[in-house]
$ cat work10.cif   # mmCIF, N, CA and C atoms
data_run
loop_
_atom_site.label_atom_id
_atom_site.label_comp_id
_atom_site.auth_asym_id
_atom_site.auth_seq_id
_atom_site.Cartn_x
_atom_site.Cartn_y
_atom_site.Cartn_z
N MET Z 141 62.80 -21.82 -8.79
CA MET Z 141 62.21 -22.10 -10.09
C MET Z 141 61.42 -23.40 -10.00
N THR Z 142 60.21 -23.39 -10.51
CA THR Z 142 59.39 -24.60 -10.48
C THR Z 142 59.66 -25.44 -11.71
N GLN Z 143 59.51 -26.73 -11.54
CA GLN Z 143 59.74 -27.67 -12.63
C GLN Z 143 58.45 -27.84 -13.43
N PHE Z 144 58.57 -27.87 -14.76
CA PHE Z 144 57.41 -28.07 -15.63
C PHE Z 144 56.96 -29.52 -15.52
N ASN Z 145 55.68 -29.73 -15.28
CA ASN Z 145 55.11 -31.07 -15.20
C ASN Z 145 54.04 -31.18 -16.27
N SER Z 146 54.29 -31.99 -17.29
CA SER Z 146 53.34 -32.15 -18.38
C SER Z 146 52.29 -33.19 -18.04
N TYR Z 147 51.07 -32.92 -18.47
CA TYR Z 147 49.96 -33.86 -18.30
C TYR Z 147 49.54 -34.42 -19.65
N MET Z 148 50.44 -34.28 -20.65
CA MET Z 148 50.12 -34.74 -21.99
C MET Z 148 49.95 -36.25 -22.04
N ASP Z 149 50.60 -36.98 -21.13
CA ASP Z 149 50.42 -38.44 -21.12
C ASP Z 149 48.96 -38.81 -20.85
N ILE Z 150 48.28 -38.06 -20.01
CA ILE Z 150 46.86 -38.31 -19.74
C ILE Z 150 46.03 -37.95 -20.96
N ALA Z 151 46.37 -36.84 -21.61
CA ALA Z 151 45.67 -36.45 -22.84
C ALA Z 151 45.85 -37.52 -23.91
N LEU Z 152 47.05 -38.08 -24.00
CA LEU Z 152 47.30 -39.16 -24.97
C LEU Z 152 46.49 -40.41 -24.64
N GLN Z 153 46.31 -40.72 -23.36
CA GLN Z 153 45.46 -41.85 -22.98
C GLN Z 153 44.02 -41.60 -23.41
N GLU Z 154 43.55 -40.37 -23.25
CA GLU Z 154 42.19 -40.02 -23.69
C GLU Z 154 42.08 -40.12 -25.21
N ALA Z 155 43.12 -39.70 -25.92
CA ALA Z 155 43.12 -39.79 -27.38
C ALA Z 155 43.06 -41.25 -27.83
N SER Z 156 43.83 -42.10 -27.18
CA SER Z 156 43.82 -43.53 -27.52
C SER Z 156 42.46 -44.16 -27.25
N ALA Z 157 41.83 -43.76 -26.14
CA ALA Z 157 40.49 -44.26 -25.82
C ALA Z 157 39.49 -43.79 -26.86
N ALA Z 158 39.63 -42.55 -27.34
CA ALA Z 158 38.75 -42.03 -28.38
C ALA Z 158 38.92 -42.85 -29.66
N ALA Z 159 40.16 -43.15 -30.02
CA ALA Z 159 40.41 -43.96 -31.22
C ALA Z 159 39.77 -45.33 -31.10
N ALA Z 160 39.85 -45.92 -29.93
CA ALA Z 160 39.24 -47.24 -29.70
C ALA Z 160 37.72 -47.19 -29.87
N ARG Z 161 37.12 -46.02 -29.64
CA ARG Z 161 35.68 -45.85 -29.83
C ARG Z 161 35.33 -45.48 -31.26
N GLY Z 162 36.36 -45.35 -32.11
CA GLY Z 162 36.12 -44.96 -33.50
C GLY Z 162 36.05 -43.45 -33.70
N GLU Z 163 36.45 -42.70 -32.68
CA GLU Z 163 36.46 -41.24 -32.75
C GLU Z 163 37.84 -40.75 -33.20
N VAL Z 164 37.89 -39.58 -33.79
CA VAL Z 164 39.18 -38.98 -34.09
C VAL Z 164 39.94 -38.85 -32.77
N PRO Z 165 41.16 -39.38 -32.72
CA PRO Z 165 41.88 -39.47 -31.44
C PRO Z 165 42.49 -38.16 -30.95
N VAL Z 166 41.66 -37.42 -30.25
CA VAL Z 166 42.11 -36.19 -29.60
C VAL Z 166 41.73 -36.30 -28.14
N GLY Z 167 42.67 -35.93 -27.27
CA GLY Z 167 42.42 -35.95 -25.84
C GLY Z 167 42.77 -34.61 -25.23
N ALA Z 168 42.06 -34.27 -24.14
CA ALA Z 168 42.29 -33.00 -23.45
C ALA Z 168 42.23 -33.21 -21.95
N VAL Z 169 43.00 -32.40 -21.24
CA VAL Z 169 43.07 -32.45 -19.78
C VAL Z 169 43.07 -31.02 -19.26
N VAL Z 170 42.30 -30.77 -18.19
CA VAL Z 170 42.32 -29.47 -17.52
C VAL Z 170 42.93 -29.68 -16.13
N VAL Z 171 43.89 -28.83 -15.81
CA VAL Z 171 44.64 -28.92 -14.55
C VAL Z 171 44.47 -27.62 -13.78
N SER Z 172 44.19 -27.75 -12.49
CA SER Z 172 44.11 -26.60 -11.60
C SER Z 172 45.01 -26.84 -10.40
N LYS Z 173 45.95 -25.93 -10.19
CA LYS Z 173 46.86 -26.02 -9.04
C LYS Z 173 47.54 -27.38 -8.95
N GLY Z 174 47.96 -27.91 -10.09
CA GLY Z 174 48.68 -29.18 -10.12
C GLY Z 174 47.81 -30.42 -10.02
N GLN Z 175 46.49 -30.24 -10.03
CA GLN Z 175 45.57 -31.38 -9.94
C GLN Z 175 44.73 -31.48 -11.20
N VAL Z 176 44.60 -32.69 -11.74
CA VAL Z 176 43.72 -32.91 -12.88
C VAL Z 176 42.28 -32.79 -12.38
N ILE Z 177 41.53 -31.87 -12.98
CA ILE Z 177 40.13 -31.71 -12.58
C ILE Z 177 39.16 -32.20 -13.65
N ALA Z 178 39.66 -32.40 -14.87
CA ALA Z 178 38.81 -32.93 -15.94
C ALA Z 178 39.69 -33.48 -17.05
N GLN Z 179 39.17 -34.50 -17.71
CA GLN Z 179 39.86 -35.06 -18.86
C GLN Z 179 38.80 -35.67 -19.77
N ALA Z 180 39.07 -35.63 -21.07
CA ALA Z 180 38.09 -36.13 -22.02
C ALA Z 180 38.76 -36.43 -23.35
N GLY Z 181 38.09 -37.26 -24.12
CA GLY Z 181 38.47 -37.53 -25.50
C GLY Z 181 37.29 -37.20 -26.38
N ASN Z 182 37.53 -37.08 -27.67
CA ASN Z 182 36.44 -36.79 -28.61
C ASN Z 182 35.30 -37.79 -28.45
N ARG Z 183 34.07 -37.30 -28.55
CA ARG Z 183 32.87 -38.15 -28.48
C ARG Z 183 31.79 -37.64 -29.45
N THR Z 184 32.20 -37.04 -30.56
CA THR Z 184 31.22 -36.47 -31.48
C THR Z 184 30.30 -37.53 -32.08
N ARG Z 185 30.85 -38.67 -32.44
CA ARG Z 185 30.03 -39.74 -33.01
C ARG Z 185 29.16 -40.40 -31.95
N GLU Z 186 29.77 -40.73 -30.83
CA GLU Z 186 29.05 -41.41 -29.76
C GLU Z 186 27.87 -40.59 -29.26
N LEU Z 187 28.09 -39.28 -29.08
CA LEU Z 187 27.04 -38.42 -28.54
C LEU Z 187 26.19 -37.78 -29.64
N ARG Z 188 26.59 -38.02 -30.89
CA ARG Z 188 25.91 -37.39 -32.02
C ARG Z 188 25.82 -35.88 -31.82
N ASP Z 189 26.98 -35.33 -31.48
CA ASP Z 189 27.08 -33.91 -31.12
C ASP Z 189 28.34 -33.33 -31.75
N PRO Z 190 28.21 -32.46 -32.74
CA PRO Z 190 29.40 -31.91 -33.40
C PRO Z 190 30.25 -31.03 -32.49
N THR Z 191 29.72 -30.64 -31.33
CA THR Z 191 30.52 -29.84 -30.39
C THR Z 191 31.22 -30.70 -29.34
N ALA Z 192 31.07 -32.01 -29.40
CA ALA Z 192 31.64 -32.89 -28.37
C ALA Z 192 33.12 -33.19 -28.64
N HIS Z 193 33.87 -32.12 -28.91
CA HIS Z 193 35.32 -32.25 -29.04
C HIS Z 193 35.91 -32.44 -27.65
N ALA Z 194 37.07 -33.03 -27.57
CA ALA Z 194 37.73 -33.29 -26.29
C ALA Z 194 37.83 -32.02 -25.45
N GLU Z 195 38.23 -30.92 -26.07
CA GLU Z 195 38.40 -29.67 -25.33
C GLU Z 195 37.07 -29.19 -24.74
N MET Z 196 36.02 -29.25 -25.53
CA MET Z 196 34.70 -28.77 -25.07
C MET Z 196 34.21 -29.62 -23.90
N LEU Z 197 34.37 -30.93 -24.03
CA LEU Z 197 33.93 -31.83 -22.95
C LEU Z 197 34.74 -31.61 -21.68
N ALA Z 198 36.04 -31.41 -21.84
CA ALA Z 198 36.90 -31.18 -20.67
C ALA Z 198 36.57 -29.84 -20.01
N ILE Z 199 36.30 -28.81 -20.81
CA ILE Z 199 35.93 -27.51 -20.25
C ILE Z 199 34.62 -27.63 -19.47
N ARG Z 200 33.64 -28.29 -20.06
CA ARG Z 200 32.35 -28.46 -19.37
C ARG Z 200 32.52 -29.21 -18.05
N ALA Z 201 33.30 -30.28 -18.07
CA ALA Z 201 33.52 -31.08 -16.85
C ALA Z 201 34.29 -30.28 -15.80
N ALA Z 202 35.28 -29.51 -16.24
CA ALA Z 202 36.07 -28.72 -15.30
C ALA Z 202 35.22 -27.63 -14.65
N CYS Z 203 34.39 -26.96 -15.44
CA CYS Z 203 33.49 -25.94 -14.89
C CYS Z 203 32.53 -26.56 -13.88
N ALA Z 204 32.01 -27.74 -14.20
CA ALA Z 204 31.11 -28.43 -13.27
C ALA Z 204 31.85 -28.81 -11.99
N ALA Z 205 33.08 -29.30 -12.13
CA ALA Z 205 33.86 -29.72 -10.96
C ALA Z 205 34.17 -28.55 -10.04
N LEU Z 206 34.43 -27.38 -10.63
CA LEU Z 206 34.76 -26.20 -9.83
C LEU Z 206 33.53 -25.39 -9.46
N GLY Z 207 32.40 -25.71 -10.08
CA GLY Z 207 31.17 -24.98 -9.78
C GLY Z 207 31.19 -23.54 -10.25
N GLN Z 208 31.82 -23.29 -11.40
CA GLN Z 208 31.91 -21.93 -11.94
C GLN Z 208 32.02 -21.98 -13.45
N GLU Z 209 31.77 -20.84 -14.07
CA GLU Z 209 31.80 -20.77 -15.54
C GLU Z 209 33.15 -20.36 -16.10
N ARG Z 210 34.10 -20.03 -15.28
CA ARG Z 210 35.43 -19.63 -15.72
C ARG Z 210 36.48 -20.57 -15.14
N LEU Z 211 37.54 -20.76 -15.90
CA LEU Z 211 38.63 -21.64 -15.47
C LEU Z 211 39.91 -20.83 -15.30
N THR Z 212 39.77 -19.66 -14.71
CA THR Z 212 40.90 -18.76 -14.48
C THR Z 212 42.00 -19.49 -13.70
N GLY Z 213 43.21 -19.38 -14.20
CA GLY Z 213 44.35 -20.01 -13.55
C GLY Z 213 44.57 -21.46 -13.94
N CYS Z 214 43.67 -22.04 -14.72
CA CYS Z 214 43.80 -23.45 -15.12
C CYS Z 214 44.64 -23.59 -16.38
N ASP Z 215 45.20 -24.77 -16.53
CA ASP Z 215 45.96 -25.14 -17.72
C ASP Z 215 45.17 -26.18 -18.49
N MET Z 216 45.32 -26.17 -19.81
CA MET Z 216 44.72 -27.21 -20.65
C MET Z 216 45.81 -27.84 -21.50
N TYR Z 217 45.79 -29.16 -21.55
CA TYR Z 217 46.69 -29.95 -22.39
C TYR Z 217 45.84 -30.64 -23.44
N VAL Z 218 46.20 -30.49 -24.70
CA VAL Z 218 45.44 -31.09 -25.80
C VAL Z 218 46.43 -31.73 -26.77
N THR Z 219 46.08 -32.90 -27.27
CA THR Z 219 46.99 -33.61 -28.17
C THR Z 219 47.09 -32.98 -29.55
N LEU Z 220 46.08 -32.22 -29.95
CA LEU Z 220 46.05 -31.60 -31.28
C LEU Z 220 45.69 -30.12 -31.14
N GLU Z 221 46.29 -29.30 -31.96
CA GLU Z 221 45.97 -27.87 -31.96
C GLU Z 221 44.45 -27.68 -32.01
N PRO Z 222 43.89 -26.93 -31.10
CA PRO Z 222 42.44 -26.74 -31.08
C PRO Z 222 41.90 -26.08 -32.35
N CYS Z 223 40.71 -26.51 -32.74
CA CYS Z 223 40.01 -25.91 -33.87
C CYS Z 223 39.50 -24.53 -33.46
N PRO Z 224 38.98 -23.74 -34.39
CA PRO Z 224 38.48 -22.40 -34.03
C PRO Z 224 37.39 -22.43 -32.95
N MET Z 225 36.47 -23.39 -33.01
CA MET Z 225 35.41 -23.48 -31.99
C MET Z 225 36.01 -23.70 -30.61
N CYS Z 226 36.94 -24.63 -30.52
CA CYS Z 226 37.55 -24.95 -29.22
C CYS Z 226 38.45 -23.82 -28.73
N ALA Z 227 39.16 -23.17 -29.66
CA ALA Z 227 40.00 -22.03 -29.27
C ALA Z 227 39.13 -20.92 -28.68
N ALA Z 228 37.98 -20.66 -29.28
CA ALA Z 228 37.08 -19.63 -28.75
C ALA Z 228 36.57 -20.03 -27.37
N ALA Z 229 36.25 -21.31 -27.18
CA ALA Z 229 35.78 -21.78 -25.87
C ALA Z 229 36.90 -21.65 -24.82
N ILE Z 230 38.13 -21.96 -25.21
CA ILE Z 230 39.27 -21.82 -24.30
C ILE Z 230 39.42 -20.36 -23.87
N SER Z 231 39.27 -19.45 -24.82
CA SER Z 231 39.32 -18.03 -24.50
C SER Z 231 38.17 -17.63 -23.58
N ASN Z 232 36.96 -18.04 -23.92
CA ASN Z 232 35.79 -17.68 -23.11
C ASN Z 232 35.86 -18.26 -21.70
N ALA Z 233 36.50 -19.42 -21.56
CA ALA Z 233 36.64 -20.04 -20.24
C ALA Z 233 37.77 -19.39 -19.44
N ARG Z 234 38.53 -18.53 -20.07
CA ARG Z 234 39.65 -17.82 -19.43
C ARG Z 234 40.75 -18.77 -18.95
N ILE Z 235 40.98 -19.83 -19.71
CA ILE Z 235 42.06 -20.75 -19.39
C ILE Z 235 43.39 -19.99 -19.48
N ALA Z 236 44.24 -20.17 -18.50
CA ALA Z 236 45.48 -19.39 -18.41
C ALA Z 236 46.54 -19.84 -19.40
N ARG Z 237 46.73 -21.16 -19.51
CA ARG Z 237 47.79 -21.70 -20.36
C ARG Z 237 47.26 -22.87 -21.18
N LEU Z 238 47.58 -22.86 -22.47
CA LEU Z 238 47.22 -23.94 -23.38
C LEU Z 238 48.50 -24.61 -23.86
N TYR Z 239 48.57 -25.92 -23.66
CA TYR Z 239 49.68 -26.73 -24.14
C TYR Z 239 49.11 -27.70 -25.16
N TYR Z 240 49.65 -27.72 -26.36
CA TYR Z 240 49.17 -28.72 -27.32
C TYR Z 240 50.33 -29.40 -28.02
N GLY Z 241 50.02 -30.59 -28.53
CA GLY Z 241 51.04 -31.42 -29.14
C GLY Z 241 51.23 -31.16 -30.62
N ALA Z 242 50.41 -31.82 -31.44
CA ALA Z 242 50.55 -31.75 -32.89
C ALA Z 242 49.86 -30.51 -33.45
N SER Z 243 50.46 -29.91 -34.46
CA SER Z 243 49.83 -28.82 -35.19
C SER Z 243 48.75 -29.39 -36.10
N ASP Z 244 47.79 -28.56 -36.46
CA ASP Z 244 46.71 -28.98 -37.35
C ASP Z 244 46.56 -27.99 -38.50
N PRO Z 245 47.39 -28.15 -39.55
CA PRO Z 245 47.35 -27.21 -40.67
C PRO Z 245 46.00 -27.13 -41.36
N LYS Z 246 45.23 -28.20 -41.31
CA LYS Z 246 43.93 -28.25 -42.00
C LYS Z 246 42.82 -27.57 -41.20
N SER Z 247 42.75 -27.82 -39.90
CA SER Z 247 41.60 -27.36 -39.11
C SER Z 247 41.97 -26.59 -37.85
N GLY Z 248 43.22 -26.30 -37.65
CA GLY Z 248 43.64 -25.60 -36.43
C GLY Z 248 43.13 -24.17 -36.38
N GLY Z 249 43.00 -23.67 -35.17
CA GLY Z 249 42.51 -22.31 -34.99
C GLY Z 249 43.38 -21.46 -34.09
N VAL Z 250 44.57 -21.98 -33.75
CA VAL Z 250 45.47 -21.25 -32.84
C VAL Z 250 46.64 -20.67 -33.63
N ALA Z 251 47.48 -21.51 -34.19
CA ALA Z 251 48.62 -21.07 -34.99
C ALA Z 251 48.32 -21.12 -36.48
N GLN Z 252 47.25 -21.80 -36.84
CA GLN Z 252 46.84 -21.97 -38.23
C GLN Z 252 45.52 -21.22 -38.46
N GLY Z 253 45.11 -21.17 -39.70
CA GLY Z 253 43.79 -20.65 -40.03
C GLY Z 253 43.47 -19.31 -39.40
N PRO Z 254 42.35 -19.23 -38.68
CA PRO Z 254 41.90 -17.92 -38.17
C PRO Z 254 42.70 -17.36 -37.01
N LYS Z 255 43.54 -18.16 -36.38
CA LYS Z 255 44.36 -17.69 -35.26
C LYS Z 255 43.50 -16.90 -34.26
N ILE Z 256 42.54 -17.59 -33.69
CA ILE Z 256 41.50 -17.00 -32.84
C ILE Z 256 42.05 -16.04 -31.79
N PHE Z 257 43.13 -16.39 -31.14
CA PHE Z 257 43.61 -15.58 -30.03
C PHE Z 257 44.18 -14.23 -30.46
N THR Z 258 44.43 -14.04 -31.75
CA THR Z 258 44.99 -12.78 -32.23
C THR Z 258 43.93 -11.78 -32.65
N HIS Z 259 42.67 -12.18 -32.69
CA HIS Z 259 41.59 -11.29 -33.12
C HIS Z 259 41.26 -10.24 -32.07
N ALA Z 260 40.89 -9.07 -32.53
CA ALA Z 260 40.49 -7.99 -31.61
C ALA Z 260 39.27 -8.38 -30.78
N GLN Z 261 38.41 -9.25 -31.33
CA GLN Z 261 37.21 -9.70 -30.62
C GLN Z 261 37.51 -10.72 -29.54
N CYS Z 262 38.71 -11.22 -29.49
CA CYS Z 262 39.10 -12.22 -28.49
C CYS Z 262 39.37 -11.49 -27.18
N HIS Z 263 38.58 -11.82 -26.17
CA HIS Z 263 38.68 -11.12 -24.89
C HIS Z 263 39.78 -11.64 -23.98
N HIS Z 264 40.25 -12.84 -24.23
CA HIS Z 264 41.30 -13.42 -23.38
C HIS Z 264 42.20 -14.29 -24.24
N MET Z 265 43.49 -14.08 -24.12
CA MET Z 265 44.48 -14.89 -24.84
C MET Z 265 45.30 -15.67 -23.83
N PRO Z 266 45.18 -16.99 -23.84
CA PRO Z 266 46.01 -17.77 -22.92
C PRO Z 266 47.46 -17.77 -23.39
N GLU Z 267 48.36 -18.11 -22.49
CA GLU Z 267 49.73 -18.40 -22.91
C GLU Z 267 49.64 -19.70 -23.71
N VAL Z 268 50.33 -19.77 -24.82
CA VAL Z 268 50.26 -20.95 -25.69
C VAL Z 268 51.64 -21.57 -25.83
N TYR Z 269 51.69 -22.88 -25.61
CA TYR Z 269 52.92 -23.66 -25.78
C TYR Z 269 52.60 -24.83 -26.69
N ASP Z 270 53.25 -24.87 -27.84
CA ASP Z 270 52.98 -25.95 -28.79
C ASP Z 270 54.13 -26.94 -28.85
N GLY Z 271 53.88 -28.06 -29.50
CA GLY Z 271 54.92 -29.07 -29.69
C GLY Z 271 55.19 -29.94 -28.48
N ILE Z 272 54.30 -29.94 -27.49
CA ILE Z 272 54.49 -30.78 -26.30
C ILE Z 272 54.21 -32.24 -26.67
N ASP Z 273 55.21 -33.10 -26.56
CA ASP Z 273 55.09 -34.51 -26.98
C ASP Z 273 54.52 -34.62 -28.39
N GLU Z 274 54.98 -33.74 -29.25
CA GLU Z 274 54.46 -33.63 -30.61
C GLU Z 274 54.51 -34.95 -31.39
N ALA Z 275 55.62 -35.65 -31.31
CA ALA Z 275 55.76 -36.90 -32.08
C ALA Z 275 54.72 -37.93 -31.66
N ALA Z 276 54.52 -38.10 -30.36
CA ALA Z 276 53.53 -39.07 -29.88
C ALA Z 276 52.12 -38.65 -30.24
N CYS Z 277 51.84 -37.35 -30.15
CA CYS Z 277 50.50 -36.85 -30.49
C CYS Z 277 50.21 -37.02 -31.97
N ALA Z 278 51.19 -36.75 -32.81
CA ALA Z 278 51.01 -36.91 -34.26
C ALA Z 278 50.89 -38.38 -34.63
N GLU Z 279 51.61 -39.24 -33.93
CA GLU Z 279 51.60 -40.67 -34.25
C GLU Z 279 50.23 -41.29 -34.01
N VAL Z 280 49.57 -40.95 -32.93
CA VAL Z 280 48.25 -41.53 -32.65
C VAL Z 280 47.27 -41.14 -33.75
N LEU Z 281 47.38 -39.93 -34.27
CA LEU Z 281 46.54 -39.50 -35.38
C LEU Z 281 46.91 -40.22 -36.67
N ARG Z 282 48.22 -40.33 -36.93
CA ARG Z 282 48.67 -40.99 -38.15
C ARG Z 282 48.19 -42.43 -38.21
N VAL Z 283 48.33 -43.15 -37.11
CA VAL Z 283 47.91 -44.55 -37.05
C VAL Z 283 46.40 -44.67 -37.25
N PHE Z 284 45.64 -43.80 -36.62
CA PHE Z 284 44.18 -43.82 -36.74
C PHE Z 284 43.75 -43.62 -38.20
N PHE Z 285 44.27 -42.57 -38.83
CA PHE Z 285 43.86 -42.27 -40.20
C PHE Z 285 44.41 -43.28 -41.20
N ALA Z 286 45.58 -43.85 -40.93
CA ALA Z 286 46.10 -44.90 -41.80
C ALA Z 286 45.17 -46.12 -41.74
N GLY Z 287 44.66 -46.42 -40.57
CA GLY Z 287 43.71 -47.52 -40.41
C GLY Z 287 42.42 -47.27 -41.18
N LEU Z 288 41.96 -46.04 -41.21
CA LEU Z 288 40.75 -45.72 -41.97
C LEU Z 288 40.97 -45.86 -43.46
N ARG Z 289 42.13 -45.41 -43.92
CA ARG Z 289 42.44 -45.50 -45.35
C ARG Z 289 42.66 -46.95 -45.77
N GLY Z 290 43.13 -47.77 -44.84
CA GLY Z 290 43.40 -49.17 -45.14
C GLY Z 290 42.14 -50.03 -45.23
N GLN Z 291 41.02 -49.50 -44.81
CA GLN Z 291 39.76 -50.28 -44.82
C GLN Z 291 39.20 -50.42 -46.20
#

$ encode --input "work10.cif" --output "structure tokens"
Amino acid sequence: MTQFNSYMDIALQEASAAAARGEVPVGAVVVSKGQVIAQAGNRTRELRDPTAHAEMLAIRAACAALGQERLTGCDMYVTLEPCPMCAAAISNARIARLYYGASDPKSGGVAQGPKIFTHAQCHHMPEVYDGIDEAACAEVLRVFFAGLRGQ
């Protein structure tokens, strides 16, 4: 039996870096065969790009690193439940396993809202594991938004 090795600590570092840049603190990591091949935090404001979510940036970087358009067999770790756009990209990239921390009742697209992976139009459904380091993932978001409200 193999031991589960979480890479959520790296995703949390990316989320903290995003918060320091004034971005919503979400971080993502793509792992292939036990090696981190891409990691990113939100950069929508910095890049002036509404698609520059952590997941999208990590998928793009991982595809570039592997020189292919599919991430078959790869795992993704994300601090927050992916939105519908990111869930669709995860499916299209054929990511094997998705691990996420905090649920997103407002904007989530995996267990909340449209539940992208359950649609008949969804061509690939990754294995999904939620609640990974949930408290730490939720805390980075709570602190960020509390700071915004306190301004």

$ closest_residue --input "work10.cif" --among "Z:Met265, Z:Ile177, Z:Leu187, Z:Ile235" --to "Gly207 in chain Z" --atoms "only C-alpha atoms"
Z:Ile177

$ resolve_selection --input "work10.cif" --expression "the PyMOL selection byres ((chain Z and resi 269-285) around 6.5)" --output "PyMOL selection string"
chain Z and resi 165+219-220+237-243+267-268+286-290

$ residues_around --input "work10.cif" --residues "range 253-262 of chain Z" --least-positions-apart "6" --cutoff "8 Å" --atoms "all atoms listed in the file" --output "PyMOL selection string"
chain Z and resi 223-224+227-228+231-232+244-247

$ atom_distance --input "work10.cif" --atom1 "CA of Val250 in chain Z" --atom2 "atom N of Arg188 in chain Z"
25.3 Å

$ closest_residue --input "work10.cif" --among "Z:Val171, Z:Val176, Z:Pro190, Z:Leu197" --to "Met216 in chain Z" --atoms "only C-alpha atoms"
Z:Val171

$ atom_distance --input "work10.cif" --atom1 "CA of Gly162 in chain Z" --atom2 "CA of His193 in chain Z"
13.5 Å
